[in-house]
Protein chains: 2
Amino acid sequence: MRFQQLLHVRRLASAGATTLMRRPITTTTTTSRTVLPATHPAFATTVRTMAGSGAPIPELTEITDNVQRGNYATLTDKDVAHFEQLLGKNFVLTEDLEGYNICFLKRIRGNSKLVLKPGSTAEVAAILKYCNERRLAVVPQGGNTGLVGGSVPICDEIVLSLARLNKVLSVDEVTGIAVVEAGCILENFDQRAREVGLTVPLDLGAKASCHIGGNVSTNAGGVRVVRYGNLHGSVLGVEAVLATGQVLDLMSNFKKDNTGYHMKHLFIGSEGTLGVVTKLSMLCPHSSRAVNVAFIGLNSFDDVLKTFVSAKRNLGEILSSCELIDERALNTALQQFKFLNSPISGFPFYMLIETSGSNGDHDEEKINQFIGDGMERGEIQDGTVTGDPGKVQEIWKIREMVPLGLIEKSFCFKYDISLPLRDFYNIVDVMRERCGPLATVVCGYGHLGDSNLHLNVSCEEFNDEIYKRVEPFVYEYTSKLKGSISAEHGIGFLKKDYLHYSKDPVAIGYMREMKKLLDPNSILNPYKVLN
Amino acid sequence: MRFQQLLHVRRLASAGATTLMRRPITTTTTTSRTVLPATHPAFATTVRTMAGSGAPIPELTEITDNVQRGNYATLTDKDVAHFEQLLGKNFVLTEDLEGYNICFLKRIRGNSKLVLKPGSTAEVAAILKYCNERRLAVVPQGGNTGLVGGSVPICDEIVLSLARLNKVLSVDEVTGIAVVEAGCILENFDQRAREVGLTVPLDLGAKASCHIGGNVSTNAGGVRVVRYGNLHGSVLGVEAVLATGQVLDLMSNFKKDNTGYHMKHLFIGSEGTLGVVTKLSMLCPHSSRAVNVAFIGLNSFDDVLKTFVSAKRNLGEILSSCELIDERALNTALQQFKFLNSPISGFPFYMLIETSGSNGDHDEEKINQFIGDGMERGEIQDGTVTGDPGKVQEIWKIREMVPLGLIEKSFCFKYDISLPLRDFYNIVDVMRERCGPLATVVCGYGHLGDSNLHLNVSCEEFNDEIYKRVEPFVYEYTSKLKGSISAEHGIGFLKKDYLHYSKDPVAIGYMREMKKLLDPNSILNPYKVLN
């Protein structure tokens with residue numbers, strides 16, 4: 001039986017999904033993923049244009065959430081004229097601002113009357129200096145793909161778009177160090193790195209839209225953390241403009257620089273509340289010659305854990321992703337997006353395991369051994385392994401469409417938590433029981449390799465009864481296990497009332513002090529992170 | 001000719017230095033290195049005991065460097081009695097304090113009258129609260145192996161030794177996350193990790209003495225940064241006691257935690273001036289099943305660079321160290337330490353390249369291919385490759401004795417700089433010319449893979465003329481190339497006057513503000529980092 005299962009994997013392989021023979025691999029195409037087909041309706045509703053979107057525009061958050069506007073000045077014509085003189089009229093927008101006011105999830109809607117698009121660090125500095133003196137509140141905005149409402153105004157903050165600061169300034173093939181402006185789209189940055197055989201050590205579903213500066217400001221995670229670690233390790237230097245307009249040059253083009261306090265980290269993950277990141281340097285690893293992906297089915301979460309441990313041990317240095325998708329998450333995506341093809345079906349759990357290495361033959365041997373052993377032990381039930389760039393993309397597309405499947409025709413309560421692996425999946429079962437038939441789908445997927453679960457509860461439309469059953473229970477549950485209530489999405493506007501579940505009062509107190517020190521008039525991204 | 005050279009490598013191999021055949025590899029012994037033989041005179045002169053050392057005890061630094069003592073209180077008998085009551089008499093030392101007062105290089109000597117050895121975070125907190133109220137200055141001390149005088153008193157600061165906080169609290173085999181107290185010796189921590197198949201992602205010459213808390217406080221680098229990155233990526237959480245006695249709990253047992261400002265990084269590399277690290281959690285990778293080391297000779301620095309690029313491309317994910325030693329550095333070590341055996345000689349440059357991977361056969365194939373190609377291209381002249389644990393240790397010992405060889409019978413001006421790779425070695429030639437026959441040895445070695453050069457100028461005894469020729473020239477030179485004047489050693493006492501060569505005035509200004517915020521009475525490690 002087990003042998004047959006093993007054969008089954010190989011059979012799937014020879015049927016087209018897998019090429020286990022030696023093959024020429026083109027690095028440039030191997031890991032270049034189309035995140036979404038451009039024609040797909042999920043992208044037609046881009047937040048930037050809102051054109052053609054049938055999704056309802058939400059009410060103003062200031063009203064729905066009863067937000068008390070801060071004691072800021074109100075924008076005047078004189079202010080607008082000042083900015084027009086500073087930037088030129090083309091880069092001062094006062095009309096058609098919906099795309100800048102509404103968050104990616106269409107849950108938060110601000111009421112900004114002004115979007116500024118500076119073209120240099122000096123212009124960012126001049127804008128902030130003016131706003132600080134005038135007490136005008138500002139929200140820095142990158143690709144606006146965040147999931148916690150961190151990049152949109154809540155009231156009438158001025159939107160400071162980094163979109164024009166979009167250049168890759170240098171890429172050093174030998175050291176792997178790249179210098180890039182904050183507004184560069186992640187995918188463009190990665191493409192430029194790939195031209196010289198490097199890759200950006202960050203990959204996430206929104207890569208076609210998100211900005212690298214936004215990634216750094218939110219300490220974005222994604223699917224490669226298991227291999228390359230987080231941005232605190234990869235970002236070597238940062239240039240940040242403070243609320244006062246002072247430019248804090250914390251750039252470095254070196255892996256090692258122990259000269260004084262490592263303050264750049266204050267701007268990694270502080271969501272634009274302490275300063276505006278305008279430039280950064282990043283360590284980019286060599287792009288891998290070989291990329292293989294396994295998509296496997298498992299019967300229990302216990303088997304999932306065993307398979308993860310086996311992957312760490314046996315794939316070791318070539319393991320580059322270890323993702324979990326549960327049955328309900330997968331099936332929802334498959335139902336919503338008919339263009340998706342899952343090579344296997346009928347299992348309660350699925351894992352996507354990726355390897356990236358410098359020698360295709362060696363990597364194939366390792367991954368085949370790993371799969372074979374897992375099947376012999378009865379931990380892996382079925383699956384497919386492929387190194388074909390097109391097939392690799394197809395499998396990744398399944399994973400990448402999972403979050404979109406859940407919001408395609410539903411309202412979805414989304415949670416992004418770190419939990420101990422032994423308790424990783426329990427919360428999904430617990431939540432399913434708590435919600436009962438009120439919820440359409442209660443499911444879990446995410447970055448198993450980083451202990452990072454995306455718990456989702458979807459229903460036809462926002463439902464207050466579900467809301468009460470889910471929150472703050474999910475935060476209390478996570479806190480009891482000493483987990484993180486926001487593993488990678490950040491705090492933004494949506495989670496600021498829950499920060500205390502993961503941070504102790506002394507730490508929150510010093511966060512407030514840091515905020516006062518770096519942004520004394522609190523003009524930067526108000527109503528976010530700290531309440 | 002080239003073929004013969006290639007054969008020569010293989011011949012050396014078959015003569016004993018190399019085992020290229022498949023072999024059983026025991027992970028626990030493969031990478032466990034004896035840094036120094038216990039009987040070696042260089043270790044008999046340990047700073048802790050000074051027993052048996054013929055090296056002269058330096059003058060008090062307060063006098064030699066004309067240090068203006070800060071406006072601190074002076075220790076009284078009442079203070080000592082208070083601490084005895086708090087910690088117990090055994091942990092309050094007032095005699096035989098030389099080992100705590102003198103730095104590893106025997107260059108800095110303080111005049112502390114009191115060493116405290118707390119046994120818990122609560123005791124550290126109680127000590128600091130008392131000292132802060134009394135305005136008593138404190139220097140936190142780990143293994144006291146730092147090279148910039150950061151861990152010894154300059155005047156009469158109380159020494160706060162972390163030596164009793166030495167427990168490994170937990171090691172999670174599945175996630176790779178370990179929790180450890182600050183005073184645990186790095187080698188002990190690594191041994192504990194290896195018991196469950198993990199390894200600490202930090203390795204440096206002082207591992208048998210240095211404390212993990214000291215490593216974190218100085219953001220220690222070492223020989224594995226090329227593979228595992230720096231501590232900002234590996235340290236997941238920190239517990240730090242502030243000068244006020246407040247305990248700042250920034251611990252996390254997760255790779256991902258985006259809840260608020262990432263303040264833990266302020267304690268990584270701030271050299272005990274912002275708080276005392278008492279506990280931390282660290283991500284430990286699986287220990288490698290196979291470790292191979294190549295020691296190769298090269299004719300030019302240009303060949304060194306080409307070989308580094310080739311190593312990055314061809315060894316890729318298994319490359320775990322890439323070290324450079326120049327001829328003079330190697331020869332000095334070989335002259336001083338007769339027990340060292342270099343497998344090759346007669347080249348101007350040597351590289352030590354280490355691989356660590358999960359499959360010995362695959363790794364050997366990669367490293368042999370890499371060496372063979374390098375020899376065929378004429379970039380690598382000769383060398384040896386070995387996977388035998390004993391031989392691996394022997395080769396590492398050569399590298400590890402290099403810095404000690406330079407101080408064995410000489411005074412040595414030591415610099416630790418990051419430089420662009422294209423200019424990496426020029427400074428050594430430039431300095432050799434500047435010093436002329438005044439210097440005994442001017443040499444360079446270090447972590448080529450991280451662009452981190454250790455430039456050394458040694459002479460029979462301290463020589464003011466050499467000093468003037470070397471400083472501040474070396475800092476100006478580094479600054480012009482936008483390098484770092486302290487790549488991994490930190491600023492401490494010795495480099496605080498040179499900080500401005502690598503940090504801009506706005507950044508230094510905010511460093512001062514951070515210091516004021518976290519240590520308002522400036523009792524923590526005064527006379528260090530900021531002047």
# chains A, B, ... in the order shown; residues from 1 in each chain; ligands from 1
>>> residues_around(residues="Tyr130 of chain A", least_positions_apart="5", cutoff="9 Å", atoms="only C-alpha atoms", output="PDB file with C-alpha atoms, in the first residue's frame")
ATOM      1  CA  ALA A 125      11.653  66.392   4.354  1.00  0.00           C
ATOM      2  CA  ARG A 135       0.320  70.601  12.934  1.00  0.00           C
ATOM      3  CA  LEU A 136      -1.115  68.872   9.875  1.00  0.00           C
ATOM      4  CA  THR A 244      10.507  67.425  12.073  1.00  0.00           C
ATOM      5  CA  GLY A 245      11.881  67.087   8.549  1.00  0.00           C
TER       6      GLY A 245
END
>>> residues_around(residues="Pro520 of chain B", least_positions_apart="6", cutoff="12 Å", atoms="only C-alpha atoms", output="PyMOL selection string")
chain B and resi 132-133+135+242-244+273-275+512-514
>>> select_by_dssp(residues="segment 228-468 of chain A", states="strand (DSSP E or B)", output="PyMOL selection string")
chain A and resi 235-241+247-250+276-283+286+290-298+319-326+349-357+382-386+411-418+441-447+452-459
>>> atom_distance(atom1="atom CA of Leu305 of chain A", atom2="atom CA of Leu324 of chain A")
10.2 Å
>>> residues_around(residues="Lys496 of chain B", least_positions_apart="2", cutoff="10 Å", atoms="only C-alpha atoms", output="mmCIF file with N, CA and C atoms, in the first residue's frame")
data_model
loop_
_atom_site.group_PDB
_atom_site.id
_atom_site.type_symbol
_atom_site.label_atom_id
_atom_site.label_comp_id
_atom_site.auth_asym_id
_atom_site.auth_seq_id
_atom_site.Cartn_x
_atom_site.Cartn_y
_atom_site.Cartn_z
ATOM 1 N N THR A 259 28.713 50.551 14.873
ATOM 2 C CA THR A 259 29.057 51.883 15.353
ATOM 3 C C THR A 259 27.820 52.533 15.965
ATOM 4 N N GLY A 260 27.651 52.304 17.241
ATOM 5 C CA GLY A 260 26.556 52.978 17.945
ATOM 6 C C GLY A 260 25.237 52.236 17.882
ATOM 7 N N VAL B 148 37.294 46.514 22.748
ATOM 8 C CA VAL B 148 37.265 47.977 22.709
ATOM 9 C C VAL B 148 37.075 48.573 24.108
ATOM 10 N N GLY B 490 32.514 46.893 18.038
ATOM 11 C CA GLY B 490 31.792 47.921 18.778
ATOM 12 C C GLY B 490 32.627 49.171 18.973
ATOM 13 N N ILE B 491 32.115 50.085 19.775
ATOM 14 C CA ILE B 491 32.756 51.373 20.002
ATOM 15 C C ILE B 491 33.445 51.403 21.366
ATOM 16 N N GLY B 492 32.727 50.964 22.387
ATOM 17 C CA GLY B 492 33.303 50.875 23.729
ATOM 18 C C GLY B 492 33.954 52.163 24.174
ATOM 19 N N PHE B 493 35.083 52.021 24.847
ATOM 20 C CA PHE B 493 35.850 53.195 25.289
ATOM 21 C C PHE B 493 36.851 53.624 24.218
ATOM 22 N N LEU B 494 37.445 52.633 23.554
ATOM 23 C CA LEU B 494 38.575 52.931 22.675
ATOM 24 C C LEU B 494 38.222 53.707 21.415
ATOM 25 N N TYR B 498 35.905 58.391 17.707
ATOM 26 C CA TYR B 498 35.913 58.231 16.249
ATOM 27 C C TYR B 498 34.534 57.906 15.678
ATOM 28 N N LEU B 499 33.551 57.851 16.542
ATOM 29 C CA LEU B 499 32.201 57.478 16.117
ATOM 30 C C LEU B 499 31.716 58.307 14.929
ATOM 31 N N HIS B 500 32.052 59.593 14.942
ATOM 32 C CA HIS B 500 31.541 60.496 13.893
ATOM 33 C C HIS B 500 32.068 60.148 12.499
ATOM 34 N N TYR B 527 31.311 56.624 29.960
ATOM 35 C CA TYR B 527 32.589 56.780 29.229
ATOM 36 C C TYR B 527 32.668 55.853 28.006
ATOM 37 N N LYS B 528 31.534 55.258 27.632
ATOM 38 C CA LYS B 528 31.539 54.320 26.505
ATOM 39 C C LYS B 528 30.594 54.811 25.405
ATOM 40 N N VAL B 529 30.876 54.442 24.200
ATOM 41 C CA VAL B 529 30.060 54.669 22.997
ATOM 42 C C VAL B 529 29.930 56.162 22.664
ATOM 43 N N LEU B 530 29.270 56.903 23.530
ATOM 44 C CA LEU B 530 29.115 58.349 23.299
ATOM 45 C C LEU B 530 30.119 59.102 24.151
ATOM 46 N N ASN B 531 30.740 60.128 23.593
ATOM 47 C CA ASN B 531 31.678 60.891 24.432
ATOM 48 C C ASN B 531 31.037 62.187 24.917
#
>>> select_by_dssp(residues="segment 172-295 of chain B", states="helix (DSSP H, G or I)", output="list in words")
Leu186, Glu187, Asn188, Phe189, Asp190, Gln191, Arg192, Ala193, Arg194, Glu195, Ile212, Gly213, Gly214, Asn215, Val216, Ser217, Val225, Val226, Arg227, Tyr228, Leu231, His232, Gly233, Ser234, Met263, Lys264, His265, Leu266 and Phe267 of chain B
>>> write_last_selection(atoms="N, CA and C atoms", output="PDB file, in the first residue's frame")
ATOM      1  N   LEU B 186      29.005  31.101  25.636  1.00  0.00           N
ATOM      2  CA  LEU B 186      28.561  30.749  24.275  1.00  0.00           C
ATOM      3  C   LEU B 186      28.771  29.272  23.967  1.00  0.00           C
ATOM      4  N   GLU B 187      29.938  28.742  24.315  1.00  0.00           N
ATOM      5  CA  GLU B 187      30.224  27.342  24.000  1.00  0.00           C
ATOM      6  C   GLU B 187      29.283  26.384  24.747  1.00  0.00           C
ATOM      7  N   ASN B 188      28.963  26.735  25.996  1.00  0.00           N
ATOM      8  CA  ASN B 188      28.031  25.892  26.749  1.00  0.00           C
ATOM      9  C   ASN B 188      26.639  25.921  26.121  1.00  0.00           C
ATOM     10  N   PHE B 189      26.237  27.107  25.699  1.00  0.00           N
ATOM     11  CA  PHE B 189      24.943  27.254  25.030  1.00  0.00           C
ATOM     12  C   PHE B 189      24.930  26.397  23.754  1.00  0.00           C
ATOM     13  N   ASP B 190      26.006  26.482  22.998  1.00  0.00           N
ATOM     14  CA  ASP B 190      26.077  25.725  21.753  1.00  0.00           C
ATOM     15  C   ASP B 190      26.045  24.219  22.021  1.00  0.00           C
ATOM     16  N   GLN B 191      26.754  23.793  23.073  1.00  0.00           N
ATOM     17  CA  GLN B 191      26.758  22.357  23.395  1.00  0.00           C
ATOM     18  C   GLN B 191      25.351  21.866  23.725  1.00  0.00           C
ATOM     19  N   ARG B 192      24.638  22.697  24.492  1.00  0.00           N
ATOM     20  CA  ARG B 192      23.275  22.311  24.867  1.00  0.00           C
ATOM     21  C   ARG B 192      22.384  22.236  23.615  1.00  0.00           C
ATOM     22  N   ALA B 193      22.565  23.185  22.716  1.00  0.00           N
ATOM     23  CA  ALA B 193      21.780  23.174  21.474  1.00  0.00           C
ATOM     24  C   ALA B 193      22.104  21.923  20.654  1.00  0.00           C
ATOM     25  N   ARG B 194      23.381  21.564  20.628  1.00  0.00           N
ATOM     26  CA  ARG B 194      23.791  20.406  19.829  1.00  0.00           C
ATOM     27  C   ARG B 194      23.224  19.093  20.362  1.00  0.00           C
ATOM     28  N   GLU B 195      22.932  19.070  21.655  1.00  0.00           N
ATOM     29  CA  GLU B 195      22.344  17.849  22.221  1.00  0.00           C
ATOM     30  C   GLU B 195      21.020  17.489  21.553  1.00  0.00           C
ATOM     31  N   ILE B 212      26.757  34.823  26.157  1.00  0.00           N
ATOM     32  CA  ILE B 212      25.798  35.111  25.092  1.00  0.00           C
ATOM     33  C   ILE B 212      25.160  36.495  25.288  1.00  0.00           C
ATOM     34  N   GLY B 213      24.981  36.906  26.524  1.00  0.00           N
ATOM     35  CA  GLY B 213      24.427  38.243  26.778  1.00  0.00           C
ATOM     36  C   GLY B 213      25.383  39.332  26.336  1.00  0.00           C
ATOM     37  N   GLY B 214      26.676  39.090  26.528  1.00  0.00           N
ATOM     38  CA  GLY B 214      27.684  40.028  26.040  1.00  0.00           C
ATOM     39  C   GLY B 214      27.725  40.046  24.526  1.00  0.00           C
ATOM     40  N   ASN B 215      27.595  38.863  23.930  1.00  0.00           N
ATOM     41  CA  ASN B 215      27.540  38.786  22.467  1.00  0.00           C
ATOM     42  C   ASN B 215      26.403  39.636  21.924  1.00  0.00           C
ATOM     43  N   VAL B 216      25.242  39.484  22.560  1.00  0.00           N
ATOM     44  CA  VAL B 216      24.071  40.235  22.098  1.00  0.00           C
ATOM     45  C   VAL B 216      24.269  41.728  22.358  1.00  0.00           C
ATOM     46  N   SER B 217      24.784  42.070  23.530  1.00  0.00           N
ATOM     47  CA  SER B 217      24.965  43.483  23.866  1.00  0.00           C
ATOM     48  C   SER B 217      25.957  44.168  22.926  1.00  0.00           C
ATOM     49  N   VAL B 225      28.641  34.705  10.120  1.00  0.00           N
ATOM     50  CA  VAL B 225      27.684  35.721   9.663  1.00  0.00           C
ATOM     51  C   VAL B 225      27.346  35.520   8.190  1.00  0.00           C
ATOM     52  N   VAL B 226      28.335  35.071   7.426  1.00  0.00           N
ATOM     53  CA  VAL B 226      28.115  34.856   5.997  1.00  0.00           C
ATOM     54  C   VAL B 226      26.977  33.864   5.752  1.00  0.00           C
ATOM     55  N   ARG B 227      26.777  32.958   6.688  1.00  0.00           N
ATOM     56  CA  ARG B 227      25.708  31.975   6.534  1.00  0.00           C
ATOM     57  C   ARG B 227      24.429  32.365   7.267  1.00  0.00           C
ATOM     58  N   TYR B 228      24.570  32.735   8.533  1.00  0.00           N
ATOM     59  CA  TYR B 228      23.372  32.904   9.375  1.00  0.00           C
ATOM     60  C   TYR B 228      22.982  34.359   9.620  1.00  0.00           C
ATOM     61  N   LEU B 231      23.085  39.076  14.592  1.00  0.00           N
ATOM     62  CA  LEU B 231      22.206  38.759  15.717  1.00  0.00           C
ATOM     63  C   LEU B 231      20.860  39.478  15.654  1.00  0.00           C
ATOM     64  N   HIS B 232      20.778  40.568  14.922  1.00  0.00           N
ATOM     65  CA  HIS B 232      19.477  41.235  14.799  1.00  0.00           C
ATOM     66  C   HIS B 232      18.455  40.325  14.118  1.00  0.00           C
ATOM     67  N   GLY B 233      18.956  39.412  13.296  1.00  0.00           N
ATOM     68  CA  GLY B 233      18.068  38.442  12.680  1.00  0.00           C
ATOM     69  C   GLY B 233      17.823  37.227  13.548  1.00  0.00           C
ATOM     70  N   SER B 234      18.817  36.816  14.315  1.00  0.00           N
ATOM     71  CA  SER B 234      18.710  35.563  15.081  1.00  0.00           C
ATOM     72  C   SER B 234      18.067  35.733  16.452  1.00  0.00           C
ATOM     73  N   MET B 263      11.700  47.270  19.757  1.00  0.00           N
ATOM     74  CA  MET B 263      12.677  47.923  20.633  1.00  0.00           C
ATOM     75  C   MET B 263      13.808  47.022  21.078  1.00  0.00           C
ATOM     76  N   LYS B 264      13.620  45.720  20.956  1.00  0.00           N
ATOM     77  CA  LYS B 264      14.693  44.816  21.414  1.00  0.00           C
ATOM     78  C   LYS B 264      16.017  45.140  20.729  1.00  0.00           C
ATOM     79  N   HIS B 265      15.928  45.636  19.502  1.00  0.00           N
ATOM     80  CA  HIS B 265      17.160  45.910  18.746  1.00  0.00           C
ATOM     81  C   HIS B 265      17.989  47.029  19.363  1.00  0.00           C
ATOM     82  N   LEU B 266      17.362  47.856  20.180  1.00  0.00           N
ATOM     83  CA  LEU B 266      18.134  48.901  20.855  1.00  0.00           C
ATOM     84  C   LEU B 266      19.124  48.300  21.845  1.00  0.00           C
ATOM     85  N   PHE B 267      18.847  47.081  22.288  1.00  0.00           N
ATOM     86  CA  PHE B 267      19.735  46.441  23.264  1.00  0.00           C
ATOM     87  C   PHE B 267      20.743  45.501  22.605  1.00  0.00           C
TER      88      PHE B 267
END
>>> residues_around(residues="segment 372-384 of chain A", least_positions_apart="3", cutoff="6 Å", atoms="only C-alpha atoms", output="ChimeraX atom specification")
/A:2,9,294-298,303,368-369
>>> residues_around(residues="Ser458 of chain B", least_positions_apart="2", cutoff="12 Å", atoms="only C-alpha atoms", output="PyMOL selection string")
chain B and resi 328-329+332+403-415+431-432+435-444+455-456+460-463+466-467+470
>>> closest_residue(among="A:Arg224, A:His286, A:Lys516, A:Arg469", to="chain B", atoms="only C-alpha atoms")
A:His286
>>> residues_around(residues="segment 101-117 of chain B", least_positions_apart="6", cutoff="8 Å", atoms="only C-alpha atoms", output="MDAnalysis selection string")
chainID B and resid 46:47 57:62 80 83 87 91:95 144:147 149 151:164
>>> write_last_selection(atoms="N, CA, C and O atoms", output="short mmCIF file (atom, residue, chain, number, x, y, z; two decimals), in the first residue's frame")
data_model
loop_
_atom_site.label_atom_id
_atom_site.label_comp_id
_atom_site.auth_asym_id
_atom_site.auth_seq_id
_atom_site.Cartn_x
_atom_site.Cartn_y
_atom_site.Cartn_z
N THR B 46 44.81 34.45 31.53
CA THR B 46 43.42 34.87 31.38
C THR B 46 43.19 36.15 32.16
O THR B 46 43.79 36.37 33.22
N VAL B 47 42.37 36.96 31.60
CA VAL B 47 42.08 38.24 32.23
C VAL B 47 41.41 38.04 33.59
O VAL B 47 41.62 38.79 34.52
N ILE B 57 50.75 44.68 34.04
CA ILE B 57 49.43 45.25 34.32
C ILE B 57 49.47 46.73 33.93
O ILE B 57 50.38 47.45 34.34
N PRO B 58 48.51 47.16 33.11
CA PRO B 58 48.58 48.56 32.65
C PRO B 58 48.30 49.56 33.76
O PRO B 58 47.76 49.20 34.81
N GLU B 59 48.70 50.79 33.51
CA GLU B 59 48.36 51.88 34.43
C GLU B 59 46.85 52.08 34.45
O GLU B 59 46.15 51.64 33.53
N LEU B 60 46.37 52.79 35.46
CA LEU B 60 44.93 53.10 35.50
C LEU B 60 44.57 54.00 34.31
O LEU B 60 45.22 55.03 34.07
N THR B 61 43.53 53.61 33.59
CA THR B 61 43.12 54.36 32.40
C THR B 61 42.66 55.77 32.75
O THR B 61 42.85 56.71 31.98
N GLU B 62 42.05 55.90 33.91
CA GLU B 62 41.59 57.22 34.33
C GLU B 62 42.76 58.22 34.32
O GLU B 62 42.60 59.39 33.95
N VAL B 80 27.88 48.90 50.34
CA VAL B 80 28.34 47.51 50.30
C VAL B 80 27.46 46.64 51.20
O VAL B 80 27.04 45.54 50.81
N PHE B 83 24.21 45.86 49.52
CA PHE B 83 24.32 44.82 48.48
C PHE B 83 24.53 43.44 49.12
O PHE B 83 24.04 42.43 48.61
N LEU B 87 22.22 40.36 48.08
CA LEU B 87 22.72 39.22 47.31
C LEU B 87 23.31 38.10 48.16
O LEU B 87 23.48 36.98 47.69
N PHE B 91 28.38 36.92 47.06
CA PHE B 91 28.22 37.47 45.72
C PHE B 91 28.49 38.97 45.66
O PHE B 91 28.09 39.64 44.72
N VAL B 92 29.17 39.43 46.67
CA VAL B 92 29.60 40.84 46.72
C VAL B 92 31.11 40.82 46.95
O VAL B 92 31.58 40.48 48.03
N LEU B 93 31.87 41.12 45.90
CA LEU B 93 33.33 41.01 45.97
C LEU B 93 33.96 42.39 46.14
O LEU B 93 33.63 43.33 45.40
N THR B 94 34.89 42.47 47.06
CA THR B 94 35.59 43.75 47.26
C THR B 94 37.12 43.58 47.20
O THR B 94 37.85 44.54 47.37
N GLU B 95 37.56 42.34 46.98
CA GLU B 95 39.00 42.09 46.92
C GLU B 95 39.36 41.29 45.67
O GLU B 95 38.52 40.60 45.10
N ASN B 144 34.02 39.37 29.51
CA ASN B 144 35.12 40.35 29.43
C ASN B 144 36.13 39.98 28.36
O ASN B 144 37.34 40.00 28.58
N THR B 145 35.62 39.64 27.19
CA THR B 145 36.51 39.30 26.07
C THR B 145 36.47 40.36 24.96
O THR B 145 37.04 40.15 23.89
N GLY B 146 35.77 41.45 25.22
CA GLY B 146 35.64 42.51 24.21
C GLY B 146 36.98 43.16 23.90
O GLY B 146 37.92 43.09 24.70
N LEU B 147 37.04 43.80 22.75
CA LEU B 147 38.32 44.34 22.27
C LEU B 147 38.34 45.87 22.22
O LEU B 147 39.29 46.46 21.71
N GLY B 149 37.36 47.77 25.12
CA GLY B 149 37.27 48.29 26.49
C GLY B 149 35.85 48.60 26.93
O GLY B 149 35.65 49.45 27.81
N SER B 151 33.70 46.51 28.45
CA SER B 151 33.16 45.72 29.56
C SER B 151 33.93 45.89 30.87
O SER B 151 33.71 45.13 31.82
N VAL B 152 34.84 46.84 30.91
CA VAL B 152 35.58 47.09 32.16
C VAL B 152 35.31 48.52 32.63
O VAL B 152 34.98 49.39 31.83
N PRO B 153 35.45 48.74 33.94
CA PRO B 153 35.28 50.11 34.43
C PRO B 153 36.40 51.01 33.91
O PRO B 153 37.50 50.54 33.63
N ILE B 154 36.10 52.28 33.79
CA ILE B 154 37.13 53.25 33.39
C ILE B 154 37.62 53.98 34.65
O ILE B 154 38.81 54.21 34.82
N CYS B 155 36.66 54.31 35.52
CA CYS B 155 37.03 54.90 36.81
C CYS B 155 36.68 53.89 37.90
O CYS B 155 37.26 52.80 37.90
N ASP B 156 35.73 54.23 38.73
CA ASP B 156 35.41 53.33 39.86
C ASP B 156 34.00 52.78 39.78
O ASP B 156 33.36 52.51 40.80
N GLU B 157 33.49 52.59 38.56
CA GLU B 157 32.15 52.02 38.40
C GLU B 157 32.05 50.65 39.09
O GLU B 157 33.00 49.87 39.09
N ILE B 158 30.87 50.39 39.61
CA ILE B 158 30.58 49.05 40.15
C ILE B 158 30.48 48.06 38.99
O ILE B 158 29.83 48.35 37.99
N VAL B 159 31.14 46.92 39.12
CA VAL B 159 31.04 45.89 38.08
C VAL B 159 29.83 45.00 38.38
O VAL B 159 29.73 44.43 39.46
N LEU B 160 28.94 44.91 37.40
CA LEU B 160 27.76 44.04 37.53
C LEU B 160 28.02 42.81 36.67
O LEU B 160 27.86 42.86 35.44
N SER B 161 28.46 41.74 37.30
CA SER B 161 28.80 40.53 36.55
C SER B 161 27.54 39.69 36.33
O SER B 161 26.79 39.42 37.27
N LEU B 162 27.36 39.24 35.10
CA LEU B 162 26.19 38.42 34.79
C LEU B 162 26.49 36.92 34.92
O LEU B 162 25.67 36.08 34.55
N ALA B 163 27.67 36.60 35.46
CA ALA B 163 28.18 35.22 35.40
C ALA B 163 27.25 34.17 36.02
O ALA B 163 27.25 33.01 35.61
N ARG B 164 26.47 34.58 37.01
CA ARG B 164 25.60 33.58 37.66
C ARG B 164 24.30 33.34 36.91
O ARG B 164 23.61 32.34 37.17
#
>>> closest_residue(among="A:Asp497, A:Asp249, A:Glu323, A:Asp388", to="chain B", atoms="only C-alpha atoms")
A:Asp249
>>> residues_around(residues="segment 395-402 of chain B", least_positions_apart="3", cutoff="7 Å", atoms="only C-alpha atoms", output="list in words")
Val35, Gly205, Ala329, Leu330, Ala333, Leu340, Lys391, Val392, Gly405 and Leu406 of chain B
>>> atom_distance(atom1="atom CA of Ser358 of chain A", atom2="atom CA of Arg313 of chain B")
7.4 Å
>>> atom_distance(atom1="atom CA of Ser287 of chain B", atom2="atom CA of Val238 of chain B")
23.4 Å
